[in-house]
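This report refers to the structure that appears directly beneath it.
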Amino acid sequence: MSNVIVYTSSTCPYCVSAKDYLKEKGVSYTEKNVQTDKEARKELMAMGHMGVPVLVIDGEEIVGFDKEKIDNLLAK
């Protein structure tokens, strides 16, 4: 089972799509909302990102909602 973290914001439609996609695939994940969680915002900025969604799957970062990349990392 992969370790999955999804950095989101409250107003991001792509974040909702990414979370829905993971749910459809039966993948559990930790959501970190950068609008409501200052620590999550600091983590995201420390990785060099300002936008969401950012998915981290087993340490590999995916910027944006990219089904192909998500599938490739989950298949490892």
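Note on naming: chains are A, B, ... as they come in the structure tokens, residues start from 1 per chain, ligands start from 1 in the order shown.
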As a PyMOL selection string, please: the residues near A:Tyr14 (cut-off 9 Å, only C-alpha atoms, same-chain neighbours under 4 positions excluded). chain A and resi 8+18-19+52-53+64-65
Selection file, all heavy atoms, as a PDB file, in the first residue's frame:
```pdb
ATOM      1  N   THR A   8      -4.019  20.242  -0.691  1.00  0.00           N
ATOM      2  CA  THR A   8      -5.204  20.808  -1.316  1.00  0.00           C
ATOM      3  C   THR A   8      -5.465  22.215  -0.795  1.00  0.00           C
ATOM      4  O   THR A   8      -4.819  22.679   0.137  1.00  0.00           O
ATOM      5  CB  THR A   8      -6.457  19.954  -0.987  1.00  0.00           C
ATOM      6  OG1 THR A   8      -6.714  20.054   0.421  1.00  0.00           O
ATOM      7  CG2 THR A   8      -6.275  18.507  -1.380  1.00  0.00           C
ATOM      8  N   ALA A  18      -8.726  14.983  -7.922  1.00  0.00           N
ATOM      9  CA  ALA A  18      -7.643  14.084  -7.506  1.00  0.00           C
ATOM     10  C   ALA A  18      -8.097  13.205  -6.345  1.00  0.00           C
ATOM     11  O   ALA A  18      -7.855  11.990  -6.345  1.00  0.00           O
ATOM     12  CB  ALA A  18      -6.415  14.897  -7.110  1.00  0.00           C
ATOM     13  N   LYS A  19      -8.774  13.797  -5.361  1.00  0.00           N
ATOM     14  CA  LYS A  19      -9.254  13.014  -4.211  1.00  0.00           C
ATOM     15  C   LYS A  19     -10.299  12.000  -4.644  1.00  0.00           C
ATOM     16  O   LYS A  19     -10.267  10.845  -4.200  1.00  0.00           O
ATOM     17  CB  LYS A  19      -9.820  13.941  -3.128  1.00  0.00           C
ATOM     18  CG  LYS A  19      -8.755  14.816  -2.477  1.00  0.00           C
ATOM     19  CD  LYS A  19      -9.298  15.623  -1.324  1.00  0.00           C
ATOM     20  CE  LYS A  19     -10.324  16.629  -1.769  1.00  0.00           C
ATOM     21  NZ  LYS A  19     -10.815  17.464  -0.669  1.00  0.00           N
ATOM     22  N   VAL A  52      -1.772  24.073  -5.881  1.00  0.00           N
ATOM     23  CA  VAL A  52      -2.283  22.745  -5.557  1.00  0.00           C
ATOM     24  C   VAL A  52      -3.164  22.268  -6.714  1.00  0.00           C
ATOM     25  O   VAL A  52      -3.595  23.093  -7.518  1.00  0.00           O
ATOM     26  CB  VAL A  52      -3.097  22.781  -4.234  1.00  0.00           C
ATOM     27  CG1 VAL A  52      -2.187  22.964  -3.047  1.00  0.00           C
ATOM     28  CG2 VAL A  52      -4.166  23.859  -4.247  1.00  0.00           C
ATOM     29  N   PRO A  53      -3.438  21.002  -6.842  1.00  0.00           N
ATOM     30  CA  PRO A  53      -3.005  19.940  -5.929  1.00  0.00           C
ATOM     31  C   PRO A  53      -1.557  19.517  -6.175  1.00  0.00           C
ATOM     32  O   PRO A  53      -1.054  19.599  -7.282  1.00  0.00           O
ATOM     33  CB  PRO A  53      -3.935  18.783  -6.274  1.00  0.00           C
ATOM     34  CG  PRO A  53      -4.261  18.977  -7.728  1.00  0.00           C
ATOM     35  CD  PRO A  53      -4.305  20.478  -7.911  1.00  0.00           C
ATOM     36  N   GLY A  64      -0.286  18.926  -9.858  1.00  0.00           N
ATOM     37  CA  GLY A  64      -1.508  18.899 -10.659  1.00  0.00           C
ATOM     38  C   GLY A  64      -2.148  17.516 -10.636  1.00  0.00           C
ATOM     39  O   GLY A  64      -1.616  16.571 -10.061  1.00  0.00           O
ATOM     40  N   PHE A  65      -3.307  17.426 -11.257  1.00  0.00           N
ATOM     41  CA  PHE A  65      -4.048  16.166 -11.313  1.00  0.00           C
ATOM     42  C   PHE A  65      -3.674  15.461 -12.615  1.00  0.00           C
ATOM     43  O   PHE A  65      -4.175  15.791 -13.680  1.00  0.00           O
ATOM     44  CB  PHE A  65      -5.550  16.444 -11.220  1.00  0.00           C
ATOM     45  CG  PHE A  65      -6.400  15.210 -11.382  1.00  0.00           C
ATOM     46  CD1 PHE A  65      -6.078  14.042 -10.726  1.00  0.00           C
ATOM     47  CD2 PHE A  65      -7.515  15.235 -12.194  1.00  0.00           C
ATOM     48  CE1 PHE A  65      -6.861  12.905 -10.880  1.00  0.00           C
ATOM     49  CE2 PHE A  65      -8.312  14.114 -12.351  1.00  0.00           C
ATOM     50  CZ  PHE A  65      -7.976  12.941 -11.690  1.00  0.00           C
TER      51      PHE A  65
END
```
How would you write, as a PyMOL selection string, the set of residues in chain A that DSSP gives as helix (DSSP H, G or I)? chain A and resi 13-24+38-46+67-75
May I have the selected residues written with C-alpha atoms, as a PDB file, in the first residue's frame?
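Result went into out.pdb, see below:
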```pdb
ATOM      1  CA  PRO A  13     -11.608  21.872  -8.338  1.00  0.00           C
ATOM      2  CA  TYR A  14      -8.580  19.798  -9.415  1.00  0.00           C
ATOM      3  CA  CYS A  15      -7.993  18.867  -5.776  1.00  0.00           C
ATOM      4  CA  VAL A  16     -11.524  17.462  -5.611  1.00  0.00           C
ATOM      5  CA  SER A  17     -10.914  15.516  -8.842  1.00  0.00           C
ATOM      6  CA  ALA A  18      -7.643  14.084  -7.506  1.00  0.00           C
ATOM      7  CA  LYS A  19      -9.254  13.014  -4.211  1.00  0.00           C
ATOM      8  CA  ASP A  20     -12.247  11.489  -6.027  1.00  0.00           C
ATOM      9  CA  TYR A  21      -9.898   9.585  -8.347  1.00  0.00           C
ATOM     10  CA  LEU A  22      -7.944   8.152  -5.414  1.00  0.00           C
ATOM     11  CA  LYS A  23     -11.205   7.158  -3.695  1.00  0.00           C
ATOM     12  CA  GLU A  24     -12.414   5.420  -6.887  1.00  0.00           C
ATOM     13  CA  LYS A  38      -0.129  26.592   8.283  1.00  0.00           C
ATOM     14  CA  GLU A  39       2.273  23.663   8.669  1.00  0.00           C
ATOM     15  CA  ALA A  40       0.984  22.084   5.441  1.00  0.00           C
ATOM     16  CA  ARG A  41       1.499  25.412   3.644  1.00  0.00           C
ATOM     17  CA  LYS A  42       5.093  25.587   4.951  1.00  0.00           C
ATOM     18  CA  GLU A  43       5.733  21.980   3.823  1.00  0.00           C
ATOM     19  CA  LEU A  44       4.403  22.718   0.337  1.00  0.00           C
ATOM     20  CA  MET A  45       6.474  25.893  -0.009  1.00  0.00           C
ATOM     21  CA  ALA A  46       9.577  24.057   1.247  1.00  0.00           C
ATOM     22  CA  LYS A  67      -3.996  10.373 -13.842  1.00  0.00           C
ATOM     23  CA  GLU A  68      -1.191   8.730 -15.814  1.00  0.00           C
ATOM     24  CA  LYS A  69       1.505   9.753 -13.323  1.00  0.00           C
ATOM     25  CA  ILE A  70      -0.717   8.771 -10.390  1.00  0.00           C
ATOM     26  CA  ASP A  71      -1.353   5.338 -11.922  1.00  0.00           C
ATOM     27  CA  ASN A  72       2.362   4.831 -12.672  1.00  0.00           C
ATOM     28  CA  LEU A  73       3.429   5.624  -9.108  1.00  0.00           C
ATOM     29  CA  LEU A  74       0.662   3.551  -7.528  1.00  0.00           C
ATOM     30  CA  ALA A  75       1.657   0.572  -9.698  1.00  0.00           C
TER      31      ALA A  75
END
```
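Closest approach to A:Gly26 among A:Met1, A:Val6, A:Cys12, A:Met50 is made by A:Met1 (distances from only C-alpha atoms).
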Selection near A:Asp58, 7 Å with only C-alpha atoms, sequence-local residues under 2 positions removed, as a ChimeraX atom specification: /A:2-4,56,60
Can you spit out the residues from that selection as a compact mmCIF listing (two decimals), in the first residue's frame, using N, CA and C atoms?
```txt
# COMPACT_ATOMS: atom_id res chain seq x y z
N SER A 2 0.60 2.15 -0.90
CA SER A 2 1.40 3.36 -1.04
C SER A 2 1.08 4.37 0.05
N ASN A 3 2.08 5.18 0.38
CA ASN A 3 1.89 6.30 1.29
C ASN A 3 1.56 7.51 0.43
N VAL A 4 0.34 8.04 0.57
CA VAL A 4 -0.13 9.11 -0.31
C VAL A 4 -0.55 10.33 0.52
N VAL A 56 1.90 13.51 -3.19
CA VAL A 56 3.17 12.88 -2.89
C VAL A 56 2.87 11.41 -2.66
N GLU A 60 7.43 10.58 -4.10
CA GLU A 60 7.49 11.16 -5.45
C GLU A 60 6.39 12.21 -5.58
```
Identify all residues of chain A in strand (DSSP E or B) (DSSP on the backbone) and supply them as a ChimeraX atom specification. /A:4-8,30-33,54-57,60-63
Go ahead and dump the residues you just picked, N, CA, C and O atoms, as a CSV table (one decimal), in the first residue's frame.
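Result written to part23.csv:
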```csv
chain,number,residue,atom,x,y,z
A,4,VAL,N,0.3,8.0,0.6
A,4,VAL,CA,-0.1,9.1,-0.3
A,4,VAL,C,-0.6,10.3,0.5
A,4,VAL,O,-1.3,10.2,1.5
A,5,ILE,N,0.0,11.5,0.2
A,5,ILE,CA,-0.4,12.8,0.8
A,5,ILE,C,-0.9,13.6,-0.4
A,5,ILE,O,-0.3,13.7,-1.4
A,6,VAL,N,-2.0,14.3,-0.1
A,6,VAL,CA,-2.6,15.2,-1.1
A,6,VAL,C,-2.7,16.6,-0.5
A,6,VAL,O,-3.4,16.8,0.5
A,7,TYR,N,-1.9,17.6,-1.1
A,7,TYR,CA,-2.0,19.0,-0.6
A,7,TYR,C,-3.1,19.6,-1.4
A,7,TYR,O,-3.1,19.5,-2.6
A,8,THR,N,-4.0,20.2,-0.7
A,8,THR,CA,-5.2,20.8,-1.3
A,8,THR,C,-5.5,22.2,-0.8
A,8,THR,O,-4.8,22.7,0.1
A,30,THR,N,-3.7,10.9,3.0
A,30,THR,CA,-3.7,12.0,4.0
A,30,THR,C,-3.9,13.3,3.2
A,30,THR,O,-3.1,13.6,2.3
A,31,GLU,N,-5.0,14.0,3.6
A,31,GLU,CA,-5.2,15.4,3.0
A,31,GLU,C,-4.6,16.4,3.9
A,31,GLU,O,-4.8,16.4,5.1
A,32,LYS,N,-3.9,17.4,3.2
A,32,LYS,CA,-3.3,18.5,3.9
A,32,LYS,C,-3.8,19.8,3.2
A,32,LYS,O,-3.4,20.1,2.1
A,33,ASN,N,-4.7,20.5,3.8
A,33,ASN,CA,-5.3,21.7,3.3
A,33,ASN,C,-4.4,22.9,3.6
A,33,ASN,O,-4.3,23.3,4.8
A,54,VAL,N,-0.9,19.1,-5.1
A,54,VAL,CA,0.3,18.4,-5.2
A,54,VAL,C,0.1,17.1,-4.5
A,54,VAL,O,-0.3,17.0,-3.3
A,55,LEU,N,0.4,16.0,-5.2
A,55,LEU,CA,0.3,14.6,-4.6
A,55,LEU,C,1.7,14.1,-4.3
A,55,LEU,O,2.6,14.3,-5.2
A,56,VAL,N,1.9,13.5,-3.2
A,56,VAL,CA,3.2,12.9,-2.9
A,56,VAL,C,2.9,11.4,-2.7
A,56,VAL,O,2.2,11.0,-1.7
A,57,ILE,N,3.4,10.6,-3.6
A,57,ILE,CA,3.1,9.1,-3.5
A,57,ILE,C,4.5,8.5,-3.3
A,57,ILE,O,5.4,8.5,-4.1
A,60,GLU,N,7.4,10.6,-4.1
A,60,GLU,CA,7.5,11.2,-5.4
A,60,GLU,C,6.4,12.2,-5.6
A,60,GLU,O,5.2,11.9,-5.3
A,61,GLU,N,6.7,13.4,-6.1
A,61,GLU,CA,5.8,14.5,-6.2
A,61,GLU,C,5.1,14.6,-7.5
A,61,GLU,O,5.8,14.4,-8.6
A,62,ILE,N,3.8,14.8,-7.5
A,62,ILE,CA,3.1,15.0,-8.8
A,62,ILE,C,2.4,16.4,-8.6
A,62,ILE,O,1.6,16.6,-7.7
A,63,VAL,N,2.7,17.3,-9.5
A,63,VAL,CA,2.1,18.6,-9.5
A,63,VAL,C,0.9,18.6,-10.4
A,63,VAL,O,1.0,18.3,-11.6
```
